[in-house]
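Trainee: My structure is in structure.cif, and what it holds is mmCIF, C-alpha atoms:
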```cif
data_my_file
loop_
_atom_site.label_atom_id
_atom_site.label_comp_id
_atom_site.auth_asym_id
_atom_site.auth_seq_id
_atom_site.Cartn_x
_atom_site.Cartn_y
_atom_site.Cartn_z
CA MET A 1 -2.81 6.67 -30.84
CA ALA A 2 -2.11 6.78 -27.11
CA ARG A 3 -1.36 10.16 -25.55
CA ARG A 4 0.90 10.26 -22.51
CA ILE A 5 0.42 12.73 -19.68
CA ASP A 6 2.91 12.90 -16.82
CA VAL A 7 1.62 12.86 -13.25
CA THR A 8 3.65 13.45 -10.10
CA GLY A 9 2.78 10.83 -7.52
CA ALA A 10 3.55 10.39 -3.84
CA GLY A 11 7.15 11.15 -2.93
CA GLY A 12 7.73 12.80 -6.32
CA VAL A 13 7.57 9.55 -8.31
CA ARG A 14 6.81 10.31 -11.95
CA LEU A 15 3.82 8.39 -13.26
CA ALA A 16 2.66 7.91 -16.85
CA ALA A 17 -1.05 8.37 -17.53
CA TRP A 18 -2.51 7.47 -20.92
CA GLU A 19 -5.48 8.45 -23.04
CA PHE A 20 -6.12 5.78 -25.68
CA GLY A 21 -8.78 7.58 -27.69
CA ASP A 22 -9.47 11.08 -28.89
CA PRO A 23 -11.06 13.22 -26.17
CA PRO A 24 -14.82 13.59 -26.63
CA LYS A 25 -15.96 16.69 -28.44
CA GLY A 26 -16.07 19.68 -26.16
CA ILE A 27 -12.91 18.95 -24.16
CA PRO A 28 -10.63 21.98 -24.40
CA ALA A 29 -7.07 21.46 -25.51
CA GLN A 30 -5.77 22.25 -22.03
CA SER A 31 -7.09 18.90 -20.75
CA ARG A 32 -4.62 17.04 -22.90
CA GLY A 33 -1.91 17.76 -20.38
CA ALA A 34 1.63 18.96 -20.12
CA ARG A 35 2.88 16.16 -22.38
CA ASP A 36 1.57 18.22 -25.32
CA GLY A 37 3.24 21.34 -23.95
CA ILE A 38 -0.06 22.92 -22.96
CA GLU A 39 -0.56 24.47 -19.59
CA GLY A 40 -3.78 25.44 -17.87
CA SER A 41 -6.21 24.51 -15.16
CA HIS A 42 -9.17 22.20 -15.60
CA GLY A 43 -12.33 24.26 -15.25
CA GLU A 44 -15.56 23.13 -13.64
CA ALA A 45 -17.43 23.47 -16.94
CA GLU A 46 -15.13 20.89 -18.51
CA SER A 47 -15.75 18.40 -15.71
CA GLU A 48 -19.49 18.89 -16.03
CA ARG A 49 -19.44 18.28 -19.78
CA THR A 50 -17.20 15.25 -19.65
CA PRO A 51 -17.40 12.86 -16.69
CA GLY A 52 -13.98 11.42 -15.98
CA VAL A 53 -12.96 7.78 -15.69
CA LEU A 54 -9.67 6.57 -14.18
CA LEU A 55 -8.62 3.00 -14.93
CA LEU A 56 -6.24 1.21 -12.55
CA HIS A 57 -4.53 -2.03 -13.59
CA GLY A 58 -3.60 -4.88 -11.28
CA LEU A 59 -0.26 -6.09 -9.97
CA MET A 60 2.21 -6.58 -12.87
CA GLY A 61 -0.22 -4.91 -15.26
CA ARG A 62 0.06 -1.69 -17.21
CA ALA A 63 -2.22 1.01 -18.53
CA SER A 64 -2.29 -0.48 -22.04
CA HIS A 65 -4.21 -3.47 -20.68
CA TRP A 66 -7.15 -1.05 -20.53
CA ALA A 67 -6.77 0.18 -24.11
CA SER A 68 -9.89 -1.41 -25.57
CA THR A 69 -12.03 -0.37 -22.58
CA ALA A 70 -10.64 3.17 -22.64
CA ARG A 71 -11.32 3.55 -26.36
CA TRP A 72 -15.03 2.79 -26.15
CA LEU A 73 -15.33 4.85 -22.98
CA SER A 74 -13.65 7.79 -24.70
CA GLU A 75 -16.50 8.02 -27.20
CA ARG A 76 -18.50 9.80 -24.48
CA HIS A 77 -16.20 10.32 -21.49
CA ARG A 78 -12.65 11.33 -20.69
CA ALA A 79 -11.02 8.00 -19.90
CA VAL A 80 -7.45 7.84 -18.59
CA ALA A 81 -5.47 4.76 -17.59
CA LEU A 82 -2.57 5.06 -15.15
CA ASP A 83 0.71 3.16 -15.15
CA GLN A 84 1.08 2.74 -11.41
CA ARG A 85 4.43 3.09 -9.67
CA GLY A 86 6.80 0.26 -10.52
CA HIS A 87 4.72 -0.63 -13.58
CA GLY A 88 4.64 0.18 -17.28
CA GLN A 89 6.43 3.40 -18.14
CA SER A 90 6.10 4.94 -14.69
CA GLU A 91 9.20 5.30 -12.53
CA LYS A 92 10.45 2.31 -10.56
CA PRO A 93 12.89 3.78 -8.03
CA PRO A 94 14.23 1.09 -5.68
CA GLU A 95 14.02 3.45 -2.71
CA ALA A 96 10.39 4.46 -3.33
CA ALA A 97 7.51 3.36 -1.13
CA TYR A 98 5.43 0.50 -2.48
CA THR A 99 2.81 0.73 0.23
CA ARG A 100 -0.97 0.88 0.10
CA GLU A 101 -0.77 4.53 1.06
CA ALA A 102 1.58 5.33 -1.83
CA TYR A 103 -0.63 3.65 -4.42
CA ILE A 104 -3.72 5.41 -3.08
CA GLU A 105 -1.97 8.79 -3.04
CA ASP A 106 -0.81 8.23 -6.62
CA ALA A 107 -4.38 7.64 -7.81
CA GLU A 108 -5.52 10.66 -5.80
CA ALA A 109 -2.83 12.78 -7.46
CA ALA A 110 -3.85 11.54 -10.91
CA LEU A 111 -7.48 12.52 -10.36
CA GLU A 112 -6.52 15.98 -9.14
CA GLN A 113 -3.74 16.74 -11.63
CA LEU A 114 -5.72 15.48 -14.63
CA GLY A 115 -8.89 17.28 -13.63
CA LEU A 116 -10.95 14.08 -13.71
CA ALA A 117 -12.74 14.34 -10.37
CA PRO A 118 -15.34 13.50 -9.39
CA ALA A 119 -14.62 10.41 -11.47
CA VAL A 120 -15.60 6.81 -11.85
CA LEU A 121 -12.78 4.51 -10.79
CA ILE A 122 -12.43 1.17 -12.60
CA GLY A 123 -9.90 -1.15 -11.00
CA HIS A 124 -8.72 -4.68 -11.66
CA ALA A 125 -7.28 -6.81 -8.83
CA MET A 126 -4.81 -4.67 -6.86
CA GLY A 127 -6.03 -1.63 -8.80
CA ALA A 128 -9.55 -2.36 -7.58
CA LEU A 129 -8.35 -2.39 -3.99
CA THR A 130 -6.65 0.96 -4.55
CA ALA A 131 -9.86 2.26 -6.09
CA TRP A 132 -12.13 1.33 -3.20
CA GLN A 133 -9.63 2.50 -0.60
CA LEU A 134 -9.43 5.87 -2.36
CA ALA A 135 -13.23 6.03 -2.62
CA ALA A 136 -13.41 5.48 1.14
CA LYS A 137 -10.71 8.07 1.85
CA ARG A 138 -11.82 10.79 -0.60
CA PRO A 139 -15.52 10.46 -1.42
CA ASP A 140 -15.41 13.94 -2.93
CA LEU A 141 -13.19 12.65 -5.74
CA VAL A 142 -15.12 9.48 -6.61
CA HIS A 143 -18.53 9.42 -8.30
CA GLY A 144 -18.69 5.67 -8.91
CA LEU A 145 -16.62 2.51 -8.52
CA ILE A 146 -16.14 -0.74 -10.46
CA VAL A 147 -14.28 -3.54 -8.69
CA CYS A 148 -13.03 -6.26 -11.02
CA ASP A 149 -12.03 -9.64 -9.54
CA MET A 150 -10.44 -8.51 -6.28
CA ARG A 151 -11.00 -10.24 -2.95
CA ALA A 152 -11.66 -8.36 0.29
CA SER A 153 -10.48 -11.25 2.46
CA ALA A 154 -6.91 -11.70 3.66
CA LEU A 155 -4.90 -14.09 1.45
CA GLY A 156 -2.20 -14.90 4.00
CA SER A 157 1.47 -15.78 4.13
CA ALA A 158 1.13 -19.02 2.14
CA SER A 159 -0.16 -17.01 -0.81
CA GLN A 160 2.82 -14.66 -0.64
CA ARG A 161 5.26 -17.61 -0.58
CA GLU A 162 3.52 -19.14 -3.59
CA TRP A 163 3.98 -15.93 -5.51
CA ALA A 164 7.67 -15.72 -4.62
CA ASP A 165 8.17 -19.28 -5.83
CA TRP A 166 6.16 -18.57 -8.97
CA PHE A 167 8.38 -15.63 -9.95
CA LYS A 168 11.43 -17.87 -9.53
CA SER A 169 9.91 -20.40 -11.92
CA TRP A 170 9.74 -17.98 -14.85
CA PRO A 171 12.20 -19.08 -17.58
CA VAL A 172 13.62 -15.59 -18.13
CA PRO A 173 14.90 -14.31 -20.39
CA PHE A 174 12.42 -15.48 -22.99
CA ALA A 175 13.94 -15.82 -26.46
CA THR A 176 10.90 -14.39 -28.26
CA LEU A 177 7.48 -12.93 -27.54
CA ALA A 178 6.03 -16.14 -28.95
CA ASP A 179 7.81 -17.97 -26.12
CA VAL A 180 6.27 -15.54 -23.64
CA ARG A 181 2.78 -16.19 -25.01
CA LYS A 182 3.27 -19.95 -24.97
CA TRP A 183 4.66 -20.16 -21.44
CA PHE A 184 2.07 -17.93 -19.80
CA GLY A 185 -0.75 -19.23 -21.97
CA GLU A 186 0.06 -22.96 -21.80
CA ASP A 187 3.20 -24.07 -19.92
CA ASP A 188 2.95 -22.07 -16.68
CA PRO A 189 2.04 -24.53 -13.88
CA TRP A 190 -0.64 -22.05 -12.75
CA VAL A 191 -2.50 -22.49 -16.08
CA GLU A 192 -5.21 -25.13 -15.79
CA ARG A 193 -6.02 -25.16 -19.50
CA PRO A 194 -4.62 -23.26 -22.52
CA ASN A 195 -5.48 -19.57 -22.28
CA PRO A 196 -4.23 -17.45 -25.22
CA SER A 197 -5.50 -14.20 -23.69
CA ARG A 198 -3.33 -14.82 -20.63
CA GLY A 199 -0.33 -15.24 -22.92
CA GLU A 200 -1.16 -11.93 -24.62
CA PHE A 201 -1.60 -10.23 -21.25
CA TYR A 202 1.94 -11.12 -20.17
CA ALA A 203 3.45 -10.41 -23.58
CA GLU A 204 2.22 -6.85 -23.05
CA VAL A 205 4.43 -6.45 -19.95
CA MET A 206 7.67 -7.67 -21.53
CA GLN A 207 10.46 -5.61 -23.04
CA GLU A 208 13.37 -6.66 -25.20
CA SER A 209 16.83 -6.57 -23.63
CA SER A 210 20.26 -7.65 -24.86
CA ASP A 211 19.68 -11.28 -23.90
CA GLY A 212 15.98 -11.66 -24.65
CA TRP A 213 12.59 -10.60 -23.28
CA ARG A 214 12.16 -9.66 -19.64
CA PRO A 215 9.34 -8.05 -17.63
CA VAL A 216 9.14 -4.26 -17.53
CA PHE A 217 8.78 -4.50 -13.75
CA GLU A 218 11.05 -5.80 -11.00
CA PRO A 219 9.58 -8.95 -9.40
CA GLU A 220 10.92 -7.89 -6.00
CA GLN A 221 8.99 -4.63 -6.22
CA MET A 222 5.86 -6.60 -7.11
CA LEU A 223 6.28 -8.80 -4.05
CA LYS A 224 6.94 -5.73 -1.91
CA SER A 225 3.75 -4.12 -3.23
CA ARG A 226 1.75 -7.28 -2.66
CA GLU A 227 2.90 -7.90 0.89
CA THR A 228 1.33 -4.62 1.98
CA TRP A 229 -2.19 -5.99 1.41
CA VAL A 230 -2.22 -9.82 1.34
CA TYR A 231 -2.04 -10.25 5.12
CA ASP A 232 -5.03 -8.03 5.88
CA ALA A 233 -8.74 -8.11 5.14
CA HIS A 234 -10.25 -5.00 3.54
CA TRP A 235 -13.93 -5.21 4.42
CA GLU A 236 -13.91 -2.11 6.59
CA GLU A 237 -12.98 0.16 3.68
CA LEU A 238 -15.81 -1.31 1.62
CA THR A 239 -18.32 -0.20 4.25
CA GLN A 240 -17.00 3.36 3.88
CA VAL A 241 -17.58 3.59 0.11
CA ARG A 242 -20.60 5.89 -0.29
CA CYS A 243 -20.82 6.07 -4.07
CA PRO A 244 -22.53 3.48 -6.32
CA ALA A 245 -20.25 0.44 -6.72
CA LEU A 246 -20.30 -2.57 -9.04
CA VAL A 247 -18.49 -5.80 -8.14
CA VAL A 248 -17.61 -7.85 -11.23
CA ARG A 249 -16.17 -11.36 -11.25
CA GLY A 250 -15.19 -13.86 -13.91
CA LEU A 251 -16.86 -17.20 -13.28
CA ASP A 252 -13.42 -18.86 -13.31
CA GLY A 253 -11.63 -16.00 -11.57
CA GLU A 254 -10.07 -15.64 -8.13
CA LEU A 255 -13.08 -13.95 -6.54
CA GLY A 256 -15.69 -16.54 -5.62
CA ARG A 257 -19.41 -15.86 -5.97
CA ALA A 258 -20.15 -16.04 -2.23
CA GLU A 259 -17.41 -13.54 -1.36
CA ALA A 260 -18.38 -11.25 -4.24
CA GLN A 261 -22.00 -11.20 -3.10
CA GLU A 262 -20.93 -10.50 0.47
CA MET A 263 -18.87 -7.57 -0.82
CA VAL A 264 -21.99 -6.27 -2.56
CA ARG A 265 -23.95 -6.65 0.67
CA VAL A 266 -21.30 -4.77 2.67
CA LEU A 267 -21.08 -1.92 0.16
CA PRO A 268 -23.72 0.72 1.01
CA ARG A 269 -24.70 1.01 -2.67
CA GLY A 270 -23.33 -2.21 -4.13
CA GLU A 271 -24.35 -4.06 -7.30
CA TYR A 272 -23.17 -7.36 -8.77
CA ALA A 273 -22.24 -8.67 -12.23
CA GLU A 274 -20.44 -11.75 -13.49
CA VAL A 275 -18.87 -12.69 -16.80
CA ALA A 276 -19.07 -16.24 -18.15
CA ASP A 277 -16.05 -17.97 -19.71
CA ALA A 278 -13.70 -15.51 -18.02
CA GLY A 279 -10.99 -16.00 -15.44
CA HIS A 280 -9.12 -13.45 -13.37
CA LEU A 281 -8.32 -11.32 -16.44
CA VAL A 282 -11.98 -10.60 -17.07
CA HIS A 283 -11.56 -7.58 -19.34
CA TYR A 284 -8.87 -9.38 -21.34
CA ASP A 285 -10.57 -12.78 -21.56
CA GLN A 286 -13.99 -11.52 -22.67
CA PRO A 287 -13.82 -7.84 -23.71
CA GLU A 288 -17.29 -7.71 -25.24
CA ALA A 289 -18.95 -9.50 -22.31
CA TRP A 290 -17.01 -7.22 -19.95
CA ARG A 291 -18.44 -4.19 -21.73
CA THR A 292 -21.94 -5.66 -21.57
CA ALA A 293 -21.52 -6.24 -17.82
CA ILE A 294 -20.35 -2.75 -16.90
CA GLU A 295 -21.88 -0.40 -19.47
CA PRO A 296 -25.38 -0.20 -17.91
CA PHE A 297 -23.83 0.69 -14.54
CA LEU A 298 -21.61 3.32 -16.15
CA ASP A 299 -24.51 4.79 -18.09
CA GLY A 300 -26.39 5.25 -14.84
CA VAL A 301 -23.53 6.64 -12.81
CA LEU A 302 -22.01 8.91 -15.46
CA THR A 303 -25.32 10.54 -16.33
CA THR A 304 -26.27 11.18 -12.68
CA PRO A 305 -25.28 14.61 -11.31
#
```
Please lay out the structure from this file as structure tokens.
Mentor:
Amino acid sequence: MARRIDVTGAGGVRLAAWEFGDPPKGIPAQSRGARDGIEGSHGEAESERTPGVLLLHGLMGRASHWASTARWLSERHRAVALDQRGHGQSEKPPEAAYTREAYIEDAEAALEQLGLAPAVLIGHAMGALTAWQLAAKRPDLVHGLIVCDMRASALGSASQREWADWFKSWPVPFATLADVRKWFGEDDPWVERPNPSRGEFYAEVMQESSDGWRPVFEPEQMLKSRETWVYDAHWEELTQVRCPALVVRGLDGELGRAEAQEMVRVLPRGEYAEVADAGHLVHYDQPEAWRTAIEPFLDGVLTTP
């Protein structure tokens, strides 16, 4: 059972944070948040007993994409996944900021309001960029960092145009979730070979409307969010990350080996891992191999004072 906890992000945007497993033994009831009607501060003793983990999904994703990871993490740690602004069940106000600063401030607010800090941040794609930018900005809040399949290099205007065209190609509304799975797993021109996990990934971000199934997000907000980082390189922030950091890539993902290893070199305390038979959606394509890749790093970081 997933437990929702409301977080107030930058500019007052309401964000939904989720715990997908029972809190480890020893967490007081107050840590379960205002969603359960319980008030109270998060004491230092609680943080010492239960190292926190905040999971940040990528563009178009949602917190539930982390469910399996959060459940095994929650056996020993307090693991919370955040629906970022414009995504999942968080607010999607048209007038809100969808800037890098807003996403970073949202994650910062989640760490502080949930009493997770100093935490390990685990981010996929855009969520990974948010994670390392927050680690650079607020080292006091971040104890460790896992970057999953996110490039530090600028992607450029051609990439942004390709994404705009791709959104226009979606045959929405989809008649059924089976149609969603088939299109994103097989028929999408961006799919090189059938990928059922990709179909499941996108089925997770659809909701039923009067005329069929549509995404829970607004494509224009996704493009607005993306344009705030695709034109720039983000190497400088990597050099400012002082905590231990693990860069993970799928062998068939978007982050190439040479760039990933350069990111590790630039990070003051960087490590490297790769997952075979996985594309961009590493944790979705190969959940067991993903766990094998990151668990030793987490064991080291989360048991270090």
Trainee: Around (-0.5, 0.8, -13.7) in the file's frame, which residues reach within 6 Å when counting all atoms listed in the file? Return as a ChimeraX atom specification?
Mentor: /A:56-57,61-63,82-84,87
Trainee: Generate the output file for the selected residues, C-alpha atoms, as a CSV table (one decimal), keeping the file's coordinate frame.
Mentor:
```csv
chain,number,residue,atom,x,y,z
A,56,LEU,CA,-6.2,1.2,-12.6
A,57,HIS,CA,-4.5,-2.0,-13.6
A,61,GLY,CA,-0.2,-4.9,-15.3
A,62,ARG,CA,0.1,-1.7,-17.2
A,63,ALA,CA,-2.2,1.0,-18.5
A,82,LEU,CA,-2.6,5.1,-15.2
A,83,ASP,CA,0.7,3.2,-15.2
A,84,GLN,CA,1.1,2.7,-11.4
A,87,HIS,CA,4.7,-0.6,-13.6
```
Trainee: Compile a residue-level contact table for segment 191-281 of chain A against segment 103-121 of chain A at a cut-off of 12 Å, reporting for every qualifying residue the shortest atom pair and its distance in Å to one decimal, with all atoms listed in the file counted, rows ordered by chain and ascending number, as JSON lines.
Mentor:
```
{"residue": "A:Ser225", "atom": "CA", "partner": "A:Tyr103", "partner_atom": "CA", "distance": 9.0}
{"residue": "A:Arg226", "atom": "CA", "partner": "A:Tyr103", "partner_atom": "CA", "distance": 11.3}
{"residue": "A:Thr228", "atom": "CA", "partner": "A:Tyr103", "partner_atom": "CA", "distance": 10.6}
{"residue": "A:Trp229", "atom": "CA", "partner": "A:Tyr103", "partner_atom": "CA", "distance": 11.4}
{"residue": "A:Val241", "atom": "CA", "partner": "A:Leu121", "partner_atom": "CA", "distance": 11.9}
{"residue": "A:Cys243", "atom": "CA", "partner": "A:Val120", "partner_atom": "CA", "distance": 9.4}
{"residue": "A:Pro244", "atom": "CA", "partner": "A:Val120", "partner_atom": "CA", "distance": 9.5}
{"residue": "A:Ala245", "atom": "CA", "partner": "A:Val120", "partner_atom": "CA", "distance": 9.4}
{"residue": "A:Leu246", "atom": "CA", "partner": "A:Leu121", "partner_atom": "CA", "distance": 10.5}
```
Trainee: Evaluating the PyMOL selection byres ((chain A and resi 4) around 8) on the displayed file yields which residues, as a VMD selection string?
Mentor: chain A and resid 2 to 3 5 to 6 16 to 19 35
Trainee: What is the atom CA of Glu254 of chain A to atom CA of Pro296 of chain A distance in Å?
Mentor: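 Taking atom CA of Glu254 of chain A and atom CA of Pro296 of chain A, their separation equals 23.8 Å.
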Trainee: Quick one: of A:Asp187, A:Thr176, A:Met206, A:Leu223, who's nearest to Arg161 of chain A, counting all atoms listed in the file?
Mentor: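 For Arg161 of chain A, the nearest of the given residues is A:Leu223.
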Trainee: Interatomic distance between atom CA of Leu141 of chain A and atom CA of Ile122 of chain A?
Mentor: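 Between atom CA of Leu141 of chain A and atom CA of Ile122 of chain A the gap is 13.4 Å.
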Trainee: Could you spell out the hits of the PyMOL selection byres ((chain A and resi 283) around 10) on the shown file, as a PyMOL selection string?
Mentor: chain A and resi 65-66+68-69+124+148+197+250+275+278-282+284-291
Trainee: Please, what distance in Å, to one decimal, runs between atom CA of Arg85 of chain A and atom CA of Glu295 of chain A?
Mentor: 28.3 Å
Trainee: Suppose a student applies the PyMOL selection byres ((chain A and resi 12) around 12) to this structure; what residues should they get, written as an mmCIF file with C-alpha atoms, in the coordinates of the input?
Mentor:
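out_13.cif was written with the following content:
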```
data_model
loop_
_atom_site.group_PDB
_atom_site.id
_atom_site.type_symbol
_atom_site.label_atom_id
_atom_site.label_comp_id
_atom_site.auth_asym_id
_atom_site.auth_seq_id
_atom_site.Cartn_x
_atom_site.Cartn_y
_atom_site.Cartn_z
ATOM 1 C CA ASP A 6 2.910 12.900 -16.820
ATOM 2 C CA VAL A 7 1.620 12.860 -13.250
ATOM 3 C CA THR A 8 3.650 13.450 -10.100
ATOM 4 C CA GLY A 9 2.780 10.830 -7.520
ATOM 5 C CA ALA A 10 3.550 10.390 -3.840
ATOM 6 C CA GLY A 11 7.150 11.150 -2.930
ATOM 7 C CA VAL A 13 7.570 9.550 -8.310
ATOM 8 C CA ARG A 14 6.810 10.310 -11.950
ATOM 9 C CA LEU A 15 3.820 8.390 -13.260
ATOM 10 C CA ARG A 85 4.430 3.090 -9.670
ATOM 11 C CA SER A 90 6.100 4.940 -14.690
ATOM 12 C CA GLU A 91 9.200 5.300 -12.530
ATOM 13 C CA LYS A 92 10.450 2.310 -10.560
ATOM 14 C CA PRO A 93 12.890 3.780 -8.030
ATOM 15 C CA GLU A 95 14.020 3.450 -2.710
ATOM 16 C CA ALA A 96 10.390 4.460 -3.330
ATOM 17 C CA ALA A 97 7.510 3.360 -1.130
ATOM 18 C CA ALA A 102 1.580 5.330 -1.830
ATOM 19 C CA GLU A 105 -1.970 8.790 -3.040
ATOM 20 C CA ASP A 106 -0.810 8.230 -6.620
ATOM 21 C CA ALA A 109 -2.830 12.780 -7.460
#
```
Trainee: Which is closest to Gly123 of chain A among A:Leu54, A:Leu73, A:Val230, A:Ala273, if we use all atoms listed in the file?
Mentor: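 Result for the nearest residue to Gly123 of chain A: A:Leu54.
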Trainee: Taking 4 positions as the minimum chain separation for residues in the same chain, which residues sit within 10 Å of Trp170 of chain A when counting only C-alpha atoms? Answer as a PyMOL selection string.
Mentor: chain A and resi 165-166+174+180+183-184+188+214
Trainee: Counting only C-alpha atoms, which residue out of A:Glu236, A:Asp252, A:Glu192, A:Glu220 sits closest to Ala164 of chain A?
Mentor: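 Under the stated criterion, the closest residue is A:Glu220.
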Trainee: For Val172 of chain A, find every residue with an atom within 9 Å (counting all atoms listed in the file), except residues of its own chain fewer than 5 positions away, and show them as a list in words.
Mentor: Gly212, Trp213, Arg214 and Pro215 of chain A
Trainee: So that I have them on file, write out the residues from the current selection with C-alpha atoms, as a JSON list (two decimals), in the frame of the given file.
Mentor:
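Wrote result32.json, looks like this:
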```
[["chain", "number", "residue", "atom", "x", "y", "z"],
["A", 212, "GLY", "CA", 15.98, -11.66, -24.65],
["A", 213, "TRP", "CA", 12.59, -10.60, -23.28],
["A", 214, "ARG", "CA", 12.16, -9.66, -19.64],
["A", 215, "PRO", "CA", 9.34, -8.05, -17.63]]
```
Trainee: Return as AutoDock Vina command-line options the box centre and box size in Å, one decimal, for an axis-aligned box around all listed atoms of segment 241-259 of chain A padded by 8 Å per side.
Mentor:
```
--center_x -16.3 --center_y -6.4 --center_z -6.9 --size_x 28.5 --size_y 40.9 --size_z 30.0
```
Trainee: Would you mind completing segment 86-99 of chain A so that it carries N, CA, C and O atoms, and writing it out as a PDB file, in the frame of the given file?
Mentor:
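The result, stored in part09.pdb:
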```pdb
ATOM      1  N   GLY A  86       6.186   1.566 -10.347  1.00  0.00           N
ATOM      2  CA  GLY A  86       6.800   0.260 -10.520  1.00  0.00           C
ATOM      3  C   GLY A  86       6.293  -0.511 -11.725  1.00  0.00           C
ATOM      4  O   GLY A  86       6.769  -1.621 -11.985  1.00  0.00           O
ATOM      5  N   HIS A  87       5.358   0.057 -12.463  1.00  0.00           N
ATOM      6  CA  HIS A  87       4.720  -0.630 -13.580  1.00  0.00           C
ATOM      7  C   HIS A  87       4.825   0.191 -14.861  1.00  0.00           C
ATOM      8  O   HIS A  87       4.955   1.418 -14.823  1.00  0.00           O
ATOM      9  N   GLY A  88       4.711  -0.490 -15.995  1.00  0.00           N
ATOM     10  CA  GLY A  88       4.640   0.180 -17.280  1.00  0.00           C
ATOM     11  C   GLY A  88       5.767   1.161 -17.493  1.00  0.00           C
ATOM     12  O   GLY A  88       6.935   0.860 -17.261  1.00  0.00           O
ATOM     13  N   GLN A  89       5.421   2.379 -17.903  1.00  0.00           N
ATOM     14  CA  GLN A  89       6.430   3.400 -18.140  1.00  0.00           C
ATOM     15  C   GLN A  89       6.549   4.405 -16.998  1.00  0.00           C
ATOM     16  O   GLN A  89       7.213   5.437 -17.128  1.00  0.00           O
ATOM     17  N   SER A  90       5.908   4.110 -15.877  1.00  0.00           N
ATOM     18  CA  SER A  90       6.100   4.940 -14.690  1.00  0.00           C
ATOM     19  C   SER A  90       7.440   4.599 -14.038  1.00  0.00           C
ATOM     20  O   SER A  90       8.025   3.546 -14.292  1.00  0.00           O
ATOM     21  N   GLU A  91       7.895   5.506 -13.177  1.00  0.00           N
ATOM     22  CA  GLU A  91       9.200   5.300 -12.530  1.00  0.00           C
ATOM     23  C   GLU A  91       9.150   4.105 -11.575  1.00  0.00           C
ATOM     24  O   GLU A  91       8.096   3.779 -11.019  1.00  0.00           O
ATOM     25  N   LYS A  92      10.319   3.493 -11.402  1.00  0.00           N
ATOM     26  CA  LYS A  92      10.450   2.310 -10.560  1.00  0.00           C
ATOM     27  C   LYS A  92      11.634   2.453  -9.601  1.00  0.00           C
ATOM     28  O   LYS A  92      12.479   1.557  -9.512  1.00  0.00           O
ATOM     29  N   PRO A  93      11.722   3.567  -8.894  1.00  0.00           N
ATOM     30  CA  PRO A  93      12.890   3.780  -8.030  1.00  0.00           C
ATOM     31  C   PRO A  93      12.952   2.739  -6.911  1.00  0.00           C
ATOM     32  O   PRO A  93      11.952   2.488  -6.231  1.00  0.00           O
ATOM     33  N   PRO A  94      14.107   2.119  -6.715  1.00  0.00           N
ATOM     34  CA  PRO A  94      14.230   1.090  -5.680  1.00  0.00           C
ATOM     35  C   PRO A  94      13.912   1.611  -4.286  1.00  0.00           C
ATOM     36  O   PRO A  94      13.402   0.875  -3.440  1.00  0.00           O
ATOM     37  N   GLU A  95      14.199   2.894  -4.053  1.00  0.00           N
ATOM     38  CA  GLU A  95      14.020   3.450  -2.710  1.00  0.00           C
ATOM     39  C   GLU A  95      12.599   3.954  -2.464  1.00  0.00           C
ATOM     40  O   GLU A  95      12.267   4.360  -1.347  1.00  0.00           O
ATOM     41  N   ALA A  96      11.755   3.926  -3.473  1.00  0.00           N
ATOM     42  CA  ALA A  96      10.390   4.460  -3.330  1.00  0.00           C
ATOM     43  C   ALA A  96       9.537   3.555  -2.460  1.00  0.00           C
ATOM     44  O   ALA A  96       9.819   2.363  -2.277  1.00  0.00           O
ATOM     45  N   ALA A  97       8.470   4.132  -1.922  1.00  0.00           N
ATOM     46  CA  ALA A  97       7.510   3.360  -1.130  1.00  0.00           C
ATOM     47  C   ALA A  97       6.595   2.582  -2.062  1.00  0.00           C
ATOM     48  O   ALA A  97       6.110   3.116  -3.055  1.00  0.00           O
ATOM     49  N   TYR A  98       6.378   1.319  -1.736  1.00  0.00           N
ATOM     50  CA  TYR A  98       5.430   0.500  -2.480  1.00  0.00           C
ATOM     51  C   TYR A  98       4.344   0.024  -1.517  1.00  0.00           C
ATOM     52  O   TYR A  98       4.026  -1.153  -1.431  1.00  0.00           O
ATOM     53  N   THR A  99       3.805   0.993  -0.799  1.00  0.00           N
ATOM     54  CA  THR A  99       2.810   0.730   0.230  1.00  0.00           C
ATOM     55  C   THR A  99       1.411   1.004  -0.306  1.00  0.00           C
ATOM     56  O   THR A  99       1.228   1.626  -1.361  1.00  0.00           O
TER      57      THR A  99
END
```
